[in-house]
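The file entry08.cif comes next; it holds mmCIF, C-alpha atoms.
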data_protein
loop_
_atom_site.group_PDB
_atom_site.id
_atom_site.type_symbol
_atom_site.label_atom_id
_atom_site.label_comp_id
_atom_site.auth_asym_id
_atom_site.auth_seq_id
_atom_site.Cartn_x
_atom_site.Cartn_y
_atom_site.Cartn_z
ATOM 1 C CA LEU A 18 6.189 43.608 7.913
ATOM 2 C CA VAL A 19 8.252 46.171 9.837
ATOM 3 C CA MET A 20 11.824 45.555 10.982
ATOM 4 C CA VAL A 21 13.325 47.131 14.102
ATOM 5 C CA ASP A 22 16.740 46.706 15.681
ATOM 6 C CA GLY A 23 17.108 45.448 19.224
ATOM 7 C CA PHE A 24 16.022 47.806 21.997
ATOM 8 C CA CYS A 25 15.444 47.748 25.751
ATOM 9 C CA MET A 26 12.101 49.216 26.869
ATOM 10 C CA ASP A 27 10.903 49.980 30.390
ATOM 11 C CA ARG A 28 8.878 47.089 31.779
ATOM 12 C CA THR A 29 6.434 49.570 33.325
ATOM 13 C CA GLU A 30 5.145 53.033 32.619
ATOM 14 C CA VAL A 31 7.421 55.654 34.158
ATOM 15 C CA ALA A 32 6.290 56.475 37.701
ATOM 16 C CA LYS A 33 6.090 60.027 39.006
ATOM 17 C CA PRO A 34 9.094 60.571 41.261
ATOM 18 C CA GLY A 35 8.359 59.468 44.816
ATOM 19 C CA THR A 36 5.204 57.545 43.886
ATOM 20 C CA GLU A 37 4.081 54.245 42.373
ATOM 21 C CA ARG A 38 1.645 55.917 39.971
ATOM 22 C CA PRO A 39 2.262 56.789 36.308
ATOM 23 C CA TRP A 40 3.886 60.146 35.648
ATOM 24 C CA VAL A 41 1.064 61.950 33.855
ATOM 25 C CA GLY A 42 0.354 65.546 32.890
ATOM 26 C CA LEU A 43 3.566 66.041 30.924
ATOM 27 C CA SER A 44 3.725 67.326 27.378
ATOM 28 C CA TRP A 45 5.358 65.160 24.726
ATOM 29 C CA GLN A 46 8.445 67.375 24.919
ATOM 30 C CA GLU A 47 8.633 66.969 28.704
ATOM 31 C CA ALA A 48 8.231 63.196 28.480
ATOM 32 C CA GLN A 49 10.989 62.996 25.874
ATOM 33 C CA ALA A 50 13.236 65.163 28.072
ATOM 34 C CA ALA A 51 12.577 62.878 31.061
ATOM 35 C CA CYS A 52 13.755 59.913 28.977
ATOM 36 C CA GLU A 53 16.782 61.813 27.669
ATOM 37 C CA ALA A 54 17.795 62.542 31.269
ATOM 38 C CA ARG A 55 18.266 58.768 31.573
ATOM 39 C CA ASN A 56 20.223 58.553 28.299
ATOM 40 C CA ALA A 57 17.102 57.101 26.670
ATOM 41 C CA ARG A 58 14.208 58.274 24.494
ATOM 42 C CA LEU A 59 10.547 57.587 23.887
ATOM 43 C CA PRO A 60 9.927 54.374 21.926
ATOM 44 C CA THR A 61 9.053 54.631 18.282
ATOM 45 C CA GLU A 62 5.564 53.478 17.390
ATOM 46 C CA ALA A 63 7.071 50.394 15.720
ATOM 47 C CA GLU A 64 9.082 49.539 18.845
ATOM 48 C CA TRP A 65 6.037 49.985 21.063
ATOM 49 C CA GLU A 66 3.946 47.686 18.863
ATOM 50 C CA LYS A 67 6.757 45.127 18.738
ATOM 51 C CA ALA A 68 6.748 45.036 22.555
ATOM 52 C CA ALA A 69 2.946 44.775 22.673
ATOM 53 C CA ARG A 70 2.400 42.300 19.837
ATOM 54 C CA GLY A 71 5.626 40.334 19.831
ATOM 55 C CA GLY A 72 7.529 39.339 16.735
ATOM 56 C CA CYS A 73 7.127 36.480 14.332
ATOM 57 C CA GLU A 74 9.118 34.306 16.760
ATOM 58 C CA THR A 75 6.235 34.310 19.280
ATOM 59 C CA GLY A 76 3.756 32.391 17.091
ATOM 60 C CA GLY A 77 3.494 28.770 16.099
ATOM 61 C CA ASP A 78 6.333 28.835 13.554
ATOM 62 C CA PRO A 79 9.350 31.024 14.430
ATOM 63 C CA LEU A 80 10.374 31.227 10.777
ATOM 64 C CA ILE A 81 7.199 32.936 9.519
ATOM 65 C CA CYS A 82 4.540 35.367 10.704
ATOM 66 C CA ASP A 83 1.544 33.120 11.287
ATOM 67 C CA ALA A 84 -1.866 33.486 12.962
ATOM 68 C CA PRO A 85 -0.660 33.338 16.606
ATOM 69 C CA ASP A 86 1.597 36.322 15.875
ATOM 70 C CA ALA A 87 -1.439 38.522 15.172
ATOM 71 C CA ARG A 88 -2.564 38.873 18.802
ATOM 72 C CA LEU A 89 -5.297 41.422 19.466
ATOM 73 C CA TYR A 90 -4.025 42.475 22.877
ATOM 74 C CA PRO A 91 -0.659 42.216 24.636
ATOM 75 C CA TRP A 92 -1.792 39.102 26.549
ATOM 76 C CA GLY A 93 -3.377 37.408 23.517
ATOM 77 C CA ASP A 94 -6.881 37.338 22.033
ATOM 78 C CA GLN A 95 -8.995 37.059 25.189
ATOM 79 C CA SER A 96 -11.443 39.931 25.620
ATOM 80 C CA PRO A 97 -10.272 42.480 28.203
ATOM 81 C CA ASN A 98 -11.514 42.327 31.773
ATOM 82 C CA CYS A 99 -10.403 43.946 35.006
ATOM 83 C CA THR A 100 -7.963 41.141 35.817
ATOM 84 C CA LEU A 101 -6.108 41.867 32.559
ATOM 85 C CA ALA A 102 -6.210 45.657 32.227
ATOM 86 C CA ASN A 103 -7.364 48.829 33.950
ATOM 87 C CA HIS A 104 -9.999 50.169 31.555
ATOM 88 C CA SER A 105 -13.715 50.831 31.127
ATOM 89 C CA VAL A 106 -15.630 47.577 30.692
ATOM 90 C CA VAL A 107 -18.793 47.640 28.594
ATOM 91 C CA GLY A 108 -21.579 45.534 30.115
ATOM 92 C CA PRO A 109 -25.361 45.144 29.856
ATOM 93 C CA ARG A 110 -25.853 48.179 32.111
ATOM 94 C CA GLY A 111 -23.363 50.350 30.287
ATOM 95 C CA PRO A 112 -19.655 51.067 30.864
ATOM 96 C CA LYS A 113 -18.131 50.385 34.272
ATOM 97 C CA ARG A 114 -14.586 51.418 35.111
ATOM 98 C CA CYS A 115 -12.190 48.955 36.708
ATOM 99 C CA ALA A 116 -10.789 51.795 38.862
ATOM 100 C CA ASP A 117 -11.333 55.501 39.424
ATOM 101 C CA GLY A 118 -8.015 56.463 37.875
ATOM 102 C CA PRO A 119 -4.594 55.149 36.863
ATOM 103 C CA GLY A 120 -3.343 52.291 39.004
ATOM 104 C CA PRO A 121 0.224 51.578 40.166
ATOM 105 C CA VAL A 122 2.732 51.118 37.368
ATOM 106 C CA GLN A 123 3.369 47.510 38.441
ATOM 107 C CA GLY A 124 -0.122 46.773 37.151
ATOM 108 C CA VAL A 125 -1.644 43.338 36.764
ATOM 109 C CA ALA A 126 0.716 40.526 35.823
ATOM 110 C CA ALA A 127 -2.001 38.586 33.988
ATOM 111 C CA GLY A 128 -2.139 41.275 31.297
ATOM 112 C CA ALA A 129 1.599 41.321 30.575
ATOM 113 C CA GLY A 130 2.786 41.450 26.984
ATOM 114 C CA PRO A 131 4.772 38.724 25.215
ATOM 115 C CA TYR A 132 8.066 39.987 26.637
ATOM 116 C CA GLY A 133 6.786 40.752 30.131
ATOM 117 C CA HIS A 134 5.920 44.449 29.812
ATOM 118 C CA LEU A 135 3.069 45.544 32.070
ATOM 119 C CA GLN A 136 0.048 47.685 31.184
ATOM 120 C CA LEU A 137 0.757 48.148 27.525
ATOM 121 C CA ALA A 138 -3.049 48.061 27.362
ATOM 122 C CA GLY A 139 -5.071 50.308 29.648
ATOM 123 C CA ASN A 140 -4.111 52.389 32.705
ATOM 124 C CA VAL A 141 -2.746 55.415 30.777
ATOM 125 C CA TRP A 142 -2.221 56.256 27.140
ATOM 126 C CA GLU A 143 1.469 56.275 26.255
ATOM 127 C CA TYR A 144 3.394 58.791 24.204
ATOM 128 C CA VAL A 145 5.669 57.400 21.506
ATOM 129 C CA LEU A 146 8.351 59.199 19.511
ATOM 130 C CA ASP A 147 6.481 59.424 16.215
ATOM 131 C CA ALA A 148 4.652 62.412 14.859
ATOM 132 C CA TYR A 149 1.111 61.339 13.981
ATOM 133 C CA HIS A 150 0.184 60.635 10.372
ATOM 134 C CA PRO A 151 -2.820 58.490 9.384
ATOM 135 C CA GLY A 152 -1.105 57.160 6.257
ATOM 136 C CA VAL A 153 2.195 55.695 7.459
ATOM 137 C CA TYR A 154 0.806 52.185 7.945
ATOM 138 C CA ARG A 155 -0.460 52.203 4.353
ATOM 139 C CA THR A 156 2.984 52.633 2.813
ATOM 140 C CA ASP A 157 6.179 50.612 2.554
ATOM 141 C CA ARG A 158 8.086 51.383 5.719
ATOM 142 C CA PRO A 159 11.872 51.534 6.142
ATOM 143 C CA GLU A 160 13.700 49.631 8.843
ATOM 144 C CA ASN A 161 13.475 51.367 12.225
ATOM 145 C CA PRO A 162 10.753 53.818 11.127
ATOM 146 C CA MET A 163 10.093 56.891 13.255
ATOM 147 C CA GLY A 164 7.197 58.471 11.371
ATOM 148 C CA PRO A 165 7.204 61.716 9.353
ATOM 149 C CA SER A 166 9.632 64.539 10.091
ATOM 150 C CA THR A 167 6.989 66.990 11.307
ATOM 151 C CA ALA A 168 3.387 66.922 12.414
ATOM 152 C CA ARG A 169 0.919 68.811 14.531
ATOM 153 C CA SER A 170 0.339 65.982 17.002
ATOM 154 C CA ARG A 171 2.062 62.897 18.403
ATOM 155 C CA VAL A 172 1.020 59.257 18.432
ATOM 156 C CA LEU A 173 -0.554 57.724 21.531
ATOM 157 C CA ARG A 174 -0.810 53.999 22.118
ATOM 158 C CA GLY A 175 -2.449 51.553 24.501
ATOM 159 C CA GLY A 176 -5.670 53.082 25.816
ATOM 160 C CA ALA A 177 -6.325 54.243 29.369
ATOM 161 C CA TRP A 178 -8.329 53.547 32.529
ATOM 162 C CA ASP A 179 -11.329 55.458 31.155
ATOM 163 C CA THR A 180 -11.351 54.104 27.586
ATOM 164 C CA PHE A 181 -12.989 51.022 26.069
ATOM 165 C CA SER A 182 -11.393 47.770 24.952
ATOM 166 C CA THR A 183 -11.215 48.776 21.268
ATOM 167 C CA ASN A 184 -8.675 51.450 22.229
ATOM 168 C CA MET A 185 -6.443 48.796 23.788
ATOM 169 C CA ARG A 186 -5.899 46.643 20.703
ATOM 170 C CA VAL A 187 -2.197 46.503 19.839
ATOM 171 C CA SER A 188 -2.993 47.869 16.364
ATOM 172 C CA ASN A 189 -4.997 50.869 17.598
ATOM 173 C CA ARG A 190 -3.505 54.291 16.883
ATOM 174 C CA PHE A 191 -4.525 57.573 18.486
ATOM 175 C CA ASN A 192 -2.994 61.037 18.819
ATOM 176 C CA ASP A 193 -2.723 63.853 21.322
ATOM 177 C CA HIS A 194 -4.483 66.494 19.221
ATOM 178 C CA LEU A 195 -7.388 66.315 21.677
ATOM 179 C CA LYS A 196 -6.064 65.700 25.183
ATOM 180 C CA GLY A 197 -9.178 64.262 26.797
ATOM 181 C CA SER A 198 -7.617 61.395 28.731
ATOM 182 C CA THR A 199 -4.636 60.503 30.886
ATOM 183 C CA ILE A 200 -1.255 60.256 29.127
ATOM 184 C CA GLY A 201 1.944 58.712 30.473
ATOM 185 C CA PHE A 202 5.043 57.224 28.875
ATOM 186 C CA ARG A 203 7.869 54.715 29.084
ATOM 187 C CA CYS A 204 11.413 54.948 27.741
ATOM 188 C CA VAL A 205 13.730 52.861 25.577
ATOM 189 C CA GLN A 206 17.463 52.547 25.101
ATOM 190 C CA SER A 207 18.636 51.659 21.620
ATOM 191 C CA ASP A 208 21.485 52.262 19.203
ATOM 192 C CA ALA A 209 19.203 51.963 16.179
ATOM 193 C CA LYS A 210 19.565 54.518 13.400
ATOM 194 C CA LEU A 211 15.985 55.729 13.014
ATOM 195 C CA ALA A 212 14.558 56.499 9.579
ATOM 196 C CA VAL A 213 12.190 59.387 8.903
ATOM 197 C CA GLU A 214 9.334 58.261 6.665
ATOM 198 C CA ASP A 215 8.911 60.117 3.385
ATOM 199 C CA ILE A 216 5.206 60.931 3.272
ATOM 200 C CA ALA A 217 3.274 64.087 2.417
ATOM 201 C CA PRO A 218 2.328 66.049 5.541
ATOM 202 C CA VAL A 219 -1.197 66.032 6.904
ATOM 203 C CA GLU A 220 -3.246 69.083 5.930
ATOM 204 C CA TRP A 221 -5.143 70.611 8.841
ATOM 205 C CA HIS A 222 -8.146 72.858 8.279
ATOM 206 C CA SER A 223 -10.026 75.046 10.721
ATOM 207 C CA VAL A 224 -13.803 74.696 10.621
ATOM 208 C CA PRO A 225 -15.910 77.691 11.746
ATOM 209 C CA VAL A 226 -18.329 76.919 14.574
#
Any chance you could put this one into structure tokens?
Amino acid sequence: LVMVDGFCMDRTEVAKPGTERPWVGLSWQEAQAACEARNARLPTEAEWEKAARGGCETGGDPLICDAPDARLYPWGDQSPNCTLANHSVVGPRGPKRCADGPGPVQGVAAGAGPYGHLQLAGNVWEYVLDAYHPGVYRTDRPENPMGPSTARSRVLRGGAWDTFSTNMRVSNRFNDHLKGSTIGFRCVQSDAKLAVEDIAPVEWHSVPV
């Protein structure tokens, strides 16, 4: 169970200025700077998952975390389709994309998350604040966690227009070490005091080819 303070997160992915399409092609540093220009920041991974999954108050009993709180996707447990998310659907004849690229940030209302956020699954991957570490979800986490202090790559969440449904589960974690897909972002405003997680850094090794 992870605790986060209150925060206000963009309902949609940030649009490229003058368009209705997600602002893609930025580095993590550029995305963070774009948020800071609005007196905001990128969401932590915990904040992003809170927005996508909901809290214990969204299930059957608001006093405990019960089965309805463990939704697979922002809209619930229904398998993804093109009316819920812009992604690559696997069918009997192989994968078929819902669209040929990222759609407008307003997205599809049917796939909204528990608090009304659009396209938390599909369309474009989303940068979050945290440095990537595969072990942080296996340890006791402080309130308002923000991942380890340093890392070689950053966490991505949500999947994209050209990825499969497994990448869009609210629990799925990815990173930008290999930038093979489209990455966007959204911003949050919060007064939370974020806590760096005390965990040994990831060791990276080069493999000769």
Query - Computed interatomic separation between CA of Val125 (chain A) and CA of Leu137 (chain A) (Å) - result: 10.7 Å
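Between CA of Arg186 (chain A) and CA of Leu89 (chain A) the interatomic distance comes to 5.4 Å.
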Report task. Would you kindly identify which residues have an atom no farther than 9 Å from (7.5, 50.7, 17.7), using all atoms listed in the file and the file's own coordinates, and write them out as number ranges by chain? Result -> A: 21, 60-69, 145-147, 161-163
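For the residues A:Val153, A:Val41, A:Ala54, A:Ala87, ranking by smallest atom-to-atom distance to Asp215 (chain A) using all atoms listed in the file places A:Val153 first.
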Query raised in the report: At what distance in Å, to one decimal, does CA of Val187 (chain A) lie from CA of Val205 (chain A)?
Result: 18.1 Å
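With distances restricted to all atoms listed in the file, A:Val31 is the closest residue to Gln136 (chain A) from A:Val31, A:Ala57, A:Cys73, A:Ala209.
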Query raised in the report: Using all atoms listed in the file, which residues sit within 12 Å of Arg155 (chain A) once same-chain residues fewer than 2 positions away are excluded, as a ChimeraX atom specification?
Result: /A:18-19,150-153,157-158,214,216
Please, could you write that set of residues out with C-alpha atoms as an mmCIF file, in the frame of the given file?
data_model
loop_
_atom_site.group_PDB
_atom_site.id
_atom_site.type_symbol
_atom_site.label_atom_id
_atom_site.label_comp_id
_atom_site.auth_asym_id
_atom_site.auth_seq_id
_atom_site.Cartn_x
_atom_site.Cartn_y
_atom_site.Cartn_z
ATOM 1 C CA LEU A 18 6.189 43.608 7.913
ATOM 2 C CA VAL A 19 8.252 46.171 9.837
ATOM 3 C CA HIS A 150 0.184 60.635 10.372
ATOM 4 C CA PRO A 151 -2.820 58.490 9.384
ATOM 5 C CA GLY A 152 -1.105 57.160 6.257
ATOM 6 C CA VAL A 153 2.195 55.695 7.459
ATOM 7 C CA ASP A 157 6.179 50.612 2.554
ATOM 8 C CA ARG A 158 8.086 51.383 5.719
ATOM 9 C CA GLU A 214 9.334 58.261 6.665
ATOM 10 C CA ILE A 216 5.206 60.931 3.272
#
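Among the candidates A:Val172, A:Cys115, A:Cys99, A:Cys25, the one nearest to Gln206 (chain A) when counting only C-alpha atoms is A:Cys25.
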Report task. Within 9 Å of Gly72 (chain A), counting only C-alpha atoms, which residues show up once you throw out same-chain ones fewer than 5 positions away? Write them as number ranges by chain, please. Result -> A: 67, 79, 82, 86, 131
**Report entry** Residues matched by the PyMOL selection byres ((chain A and resi 181) around 10), written as a ChimeraX atom specification
**Finding:** /A:97,103-107,112-114,139,176-180,182-186
Query raised in the report: What residues come out when you apply the PyMOL selection byres ((chain A and resi 28) around 10) to this file, written as a PyMOL selection string?
Result: chain A and resi 25-27+29-31+68+122-123+129-130+132-137+203-205
Query raised in the report: So which one's closest to Asn98 (chain A), A:Pro225, A:Pro39, A:Pro119, A:Gly128? Using all atoms listed in the file, please.
Result: A:Gly128
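The residue that comes closest to Ala148 (chain A), out of A:Gly201, A:Gly23, A:Pro218, A:Gly42 and on the basis of all atoms listed in the file, is A:Pro218.
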For Asp193 (chain A): contacts at 7 Å, only C-alpha atoms, fewer than 4 positions along chain excluded, given as a PDB file with C-alpha atoms, in the coordinates of the input:
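The new file selection.pdb reads:
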ATOM      1  CA  SER A 170       0.339  65.982  17.002  1.00  0.00           C
ATOM      2  CA  ARG A 171       2.062  62.897  18.403  1.00  0.00           C
ATOM      3  CA  VAL A 172       1.020  59.257  18.432  1.00  0.00           C
ATOM      4  CA  LEU A 173      -0.554  57.724  21.531  1.00  0.00           C
TER       5      LEU A 173
END
Once N, CA and C atoms are restored for region 148-181 of chain A, what would the output be as a PDB file, in the coordinates of the input?
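Final file, selection-v9.pdb:
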ATOM      1  N   ALA A 148       5.691  61.454  15.217  1.00  0.00           N
ATOM      2  CA  ALA A 148       4.652  62.412  14.859  1.00  0.00           C
ATOM      3  C   ALA A 148       3.506  61.637  14.218  1.00  0.00           C
ATOM      4  N   TYR A 149       2.271  62.083  14.478  1.00  0.00           N
ATOM      5  CA  TYR A 149       1.111  61.339  13.981  1.00  0.00           C
ATOM      6  C   TYR A 149       0.864  61.612  12.498  1.00  0.00           C
ATOM      7  N   HIS A 150       0.612  60.542  11.762  1.00  0.00           N
ATOM      8  CA  HIS A 150       0.184  60.635  10.372  1.00  0.00           C
ATOM      9  C   HIS A 150      -0.702  59.422  10.093  1.00  0.00           C
ATOM     10  N   PRO A 151      -1.912  59.631   9.584  1.00  0.00           N
ATOM     11  CA  PRO A 151      -2.820  58.490   9.384  1.00  0.00           C
ATOM     12  C   PRO A 151      -2.390  57.546   8.275  1.00  0.00           C
ATOM     13  N   GLY A 152      -1.440  57.963   7.424  1.00  0.00           N
ATOM     14  CA  GLY A 152      -1.105  57.160   6.257  1.00  0.00           C
ATOM     15  C   GLY A 152       0.130  56.303   6.365  1.00  0.00           C
ATOM     16  N   VAL A 153       0.908  56.385   7.452  1.00  0.00           N
ATOM     17  CA  VAL A 153       2.195  55.695   7.459  1.00  0.00           C
ATOM     18  C   VAL A 153       2.047  54.179   7.410  1.00  0.00           C
ATOM     19  N   TYR A 154       0.982  53.631   7.963  1.00  0.00           N
ATOM     20  CA  TYR A 154       0.806  52.185   7.945  1.00  0.00           C
ATOM     21  C   TYR A 154       0.268  51.689   6.608  1.00  0.00           C
ATOM     22  N   ARG A 155       0.026  52.591   5.681  1.00  0.00           N
ATOM     23  CA  ARG A 155      -0.460  52.203   4.353  1.00  0.00           C
ATOM     24  C   ARG A 155       0.643  52.275   3.312  1.00  0.00           C
ATOM     25  N   THR A 156       1.867  52.509   3.752  1.00  0.00           N
ATOM     26  CA  THR A 156       2.984  52.633   2.813  1.00  0.00           C
ATOM     27  C   THR A 156       4.071  51.629   3.179  1.00  0.00           C
ATOM     28  N   ASP A 157       5.001  51.423   2.245  1.00  0.00           N
ATOM     29  CA  ASP A 157       6.179  50.612   2.554  1.00  0.00           C
ATOM     30  C   ASP A 157       7.017  51.372   3.573  1.00  0.00           C
ATOM     31  N   ARG A 158       7.389  50.706   4.635  1.00  0.00           N
ATOM     32  CA  ARG A 158       8.086  51.383   5.719  1.00  0.00           C
ATOM     33  C   ARG A 158       9.550  50.954   5.759  1.00  0.00           C
ATOM     34  N   PRO A 159      10.449  51.883   6.046  1.00  0.00           N
ATOM     35  CA  PRO A 159      11.872  51.534   6.142  1.00  0.00           C
ATOM     36  C   PRO A 159      12.137  50.766   7.433  1.00  0.00           C
ATOM     37  N   GLU A 160      13.318  50.224   7.566  1.00  0.00           N
ATOM     38  CA  GLU A 160      13.700  49.631   8.843  1.00  0.00           C
ATOM     39  C   GLU A 160      13.816  50.735   9.891  1.00  0.00           C
ATOM     40  N   ASN A 161      13.440  50.417  11.112  1.00  0.00           N
ATOM     41  CA  ASN A 161      13.475  51.367  12.225  1.00  0.00           C
ATOM     42  C   ASN A 161      12.751  52.672  11.891  1.00  0.00           C
ATOM     43  N   PRO A 162      11.480  52.600  11.481  1.00  0.00           N
ATOM     44  CA  PRO A 162      10.753  53.818  11.127  1.00  0.00           C
ATOM     45  C   PRO A 162      10.455  54.667  12.354  1.00  0.00           C
ATOM     46  N   MET A 163      10.420  55.981  12.160  1.00  0.00           N
ATOM     47  CA  MET A 163      10.093  56.891  13.255  1.00  0.00           C
ATOM     48  C   MET A 163       9.028  57.905  12.853  1.00  0.00           C
ATOM     49  N   GLY A 164       8.256  57.586  11.796  1.00  0.00           N
ATOM     50  CA  GLY A 164       7.197  58.471  11.371  1.00  0.00           C
ATOM     51  C   GLY A 164       7.705  59.632  10.538  1.00  0.00           C
ATOM     52  N   PRO A 165       6.810  60.572  10.174  1.00  0.00           N
ATOM     53  CA  PRO A 165       7.204  61.716   9.353  1.00  0.00           C
ATOM     54  C   PRO A 165       8.068  62.685  10.148  1.00  0.00           C
ATOM     55  N   SER A 166       8.704  63.613   9.442  1.00  0.00           N
ATOM     56  CA  SER A 166       9.632  64.539  10.091  1.00  0.00           C
ATOM     57  C   SER A 166       8.916  65.569  10.950  1.00  0.00           C
ATOM     58  N   THR A 167       7.731  65.989  10.542  1.00  0.00           N
ATOM     59  CA  THR A 167       6.989  66.990  11.307  1.00  0.00           C
ATOM     60  C   THR A 167       5.506  66.640  11.309  1.00  0.00           C
ATOM     61  N   ALA A 168       4.835  67.094  12.337  1.00  0.00           N
ATOM     62  CA  ALA A 168       3.387  66.922  12.414  1.00  0.00           C
ATOM     63  C   ALA A 168       2.858  67.787  13.536  1.00  0.00           C
ATOM     64  N   ARG A 169       1.559  67.950  13.537  1.00  0.00           N
ATOM     65  CA  ARG A 169       0.919  68.811  14.531  1.00  0.00           C
ATOM     66  C   ARG A 169       0.640  68.076  15.833  1.00  0.00           C
ATOM     67  N   SER A 170       0.635  66.757  15.800  1.00  0.00           N
ATOM     68  CA  SER A 170       0.339  65.982  17.002  1.00  0.00           C
ATOM     69  C   SER A 170       1.218  64.746  17.038  1.00  0.00           C
ATOM     70  N   ARG A 171       1.228  64.073  18.191  1.00  0.00           N
ATOM     71  CA  ARG A 171       2.062  62.897  18.403  1.00  0.00           C
ATOM     72  C   ARG A 171       1.195  61.668  18.623  1.00  0.00           C
ATOM     73  N   VAL A 172       1.754  60.513  18.319  1.00  0.00           N
ATOM     74  CA  VAL A 172       1.020  59.257  18.432  1.00  0.00           C
ATOM     75  C   VAL A 172       0.884  58.851  19.898  1.00  0.00           C
ATOM     76  N   LEU A 173      -0.297  58.350  20.241  1.00  0.00           N
ATOM     77  CA  LEU A 173      -0.554  57.724  21.531  1.00  0.00           C
ATOM     78  C   LEU A 173      -0.905  56.263  21.296  1.00  0.00           C
ATOM     79  N   ARG A 174      -0.510  55.427  22.229  1.00  0.00           N
ATOM     80  CA  ARG A 174      -0.810  53.999  22.118  1.00  0.00           C
ATOM     81  C   ARG A 174      -1.327  53.451  23.444  1.00  0.00           C
ATOM     82  N   GLY A 175      -2.141  52.387  23.359  1.00  0.00           N
ATOM     83  CA  GLY A 175      -2.449  51.553  24.501  1.00  0.00           C
ATOM     84  C   GLY A 175      -3.747  51.749  25.236  1.00  0.00           C
ATOM     85  N   GLY A 176      -4.442  52.875  25.066  1.00  0.00           N
ATOM     86  CA  GLY A 176      -5.670  53.082  25.816  1.00  0.00           C
ATOM     87  C   GLY A 176      -5.400  53.482  27.260  1.00  0.00           C
ATOM     88  N   ALA A 177      -6.468  53.754  28.000  1.00  0.00           N
ATOM     89  CA  ALA A 177      -6.325  54.243  29.369  1.00  0.00           C
ATOM     90  C   ALA A 177      -7.420  53.671  30.258  1.00  0.00           C
ATOM     91  N   TRP A 178      -7.377  54.054  31.534  1.00  0.00           N
ATOM     92  CA  TRP A 178      -8.329  53.547  32.529  1.00  0.00           C
ATOM     93  C   TRP A 178      -9.775  53.919  32.213  1.00  0.00           C
ATOM     94  N   ASP A 179      -9.976  54.995  31.451  1.00  0.00           N
ATOM     95  CA  ASP A 179     -11.329  55.458  31.155  1.00  0.00           C
ATOM     96  C   ASP A 179     -11.704  55.273  29.688  1.00  0.00           C
ATOM     97  N   THR A 180     -11.005  54.391  28.975  1.00  0.00           N
ATOM     98  CA  THR A 180     -11.351  54.104  27.586  1.00  0.00           C
ATOM     99  C   THR A 180     -11.779  52.652  27.430  1.00  0.00           C
ATOM    100  N   PHE A 181     -12.430  52.355  26.305  1.00  0.00           N
ATOM    101  CA  PHE A 181     -12.989  51.022  26.069  1.00  0.00           C
ATOM    102  C   PHE A 181     -11.953  50.078  25.468  1.00  0.00           C
TER     103      PHE A 181
END
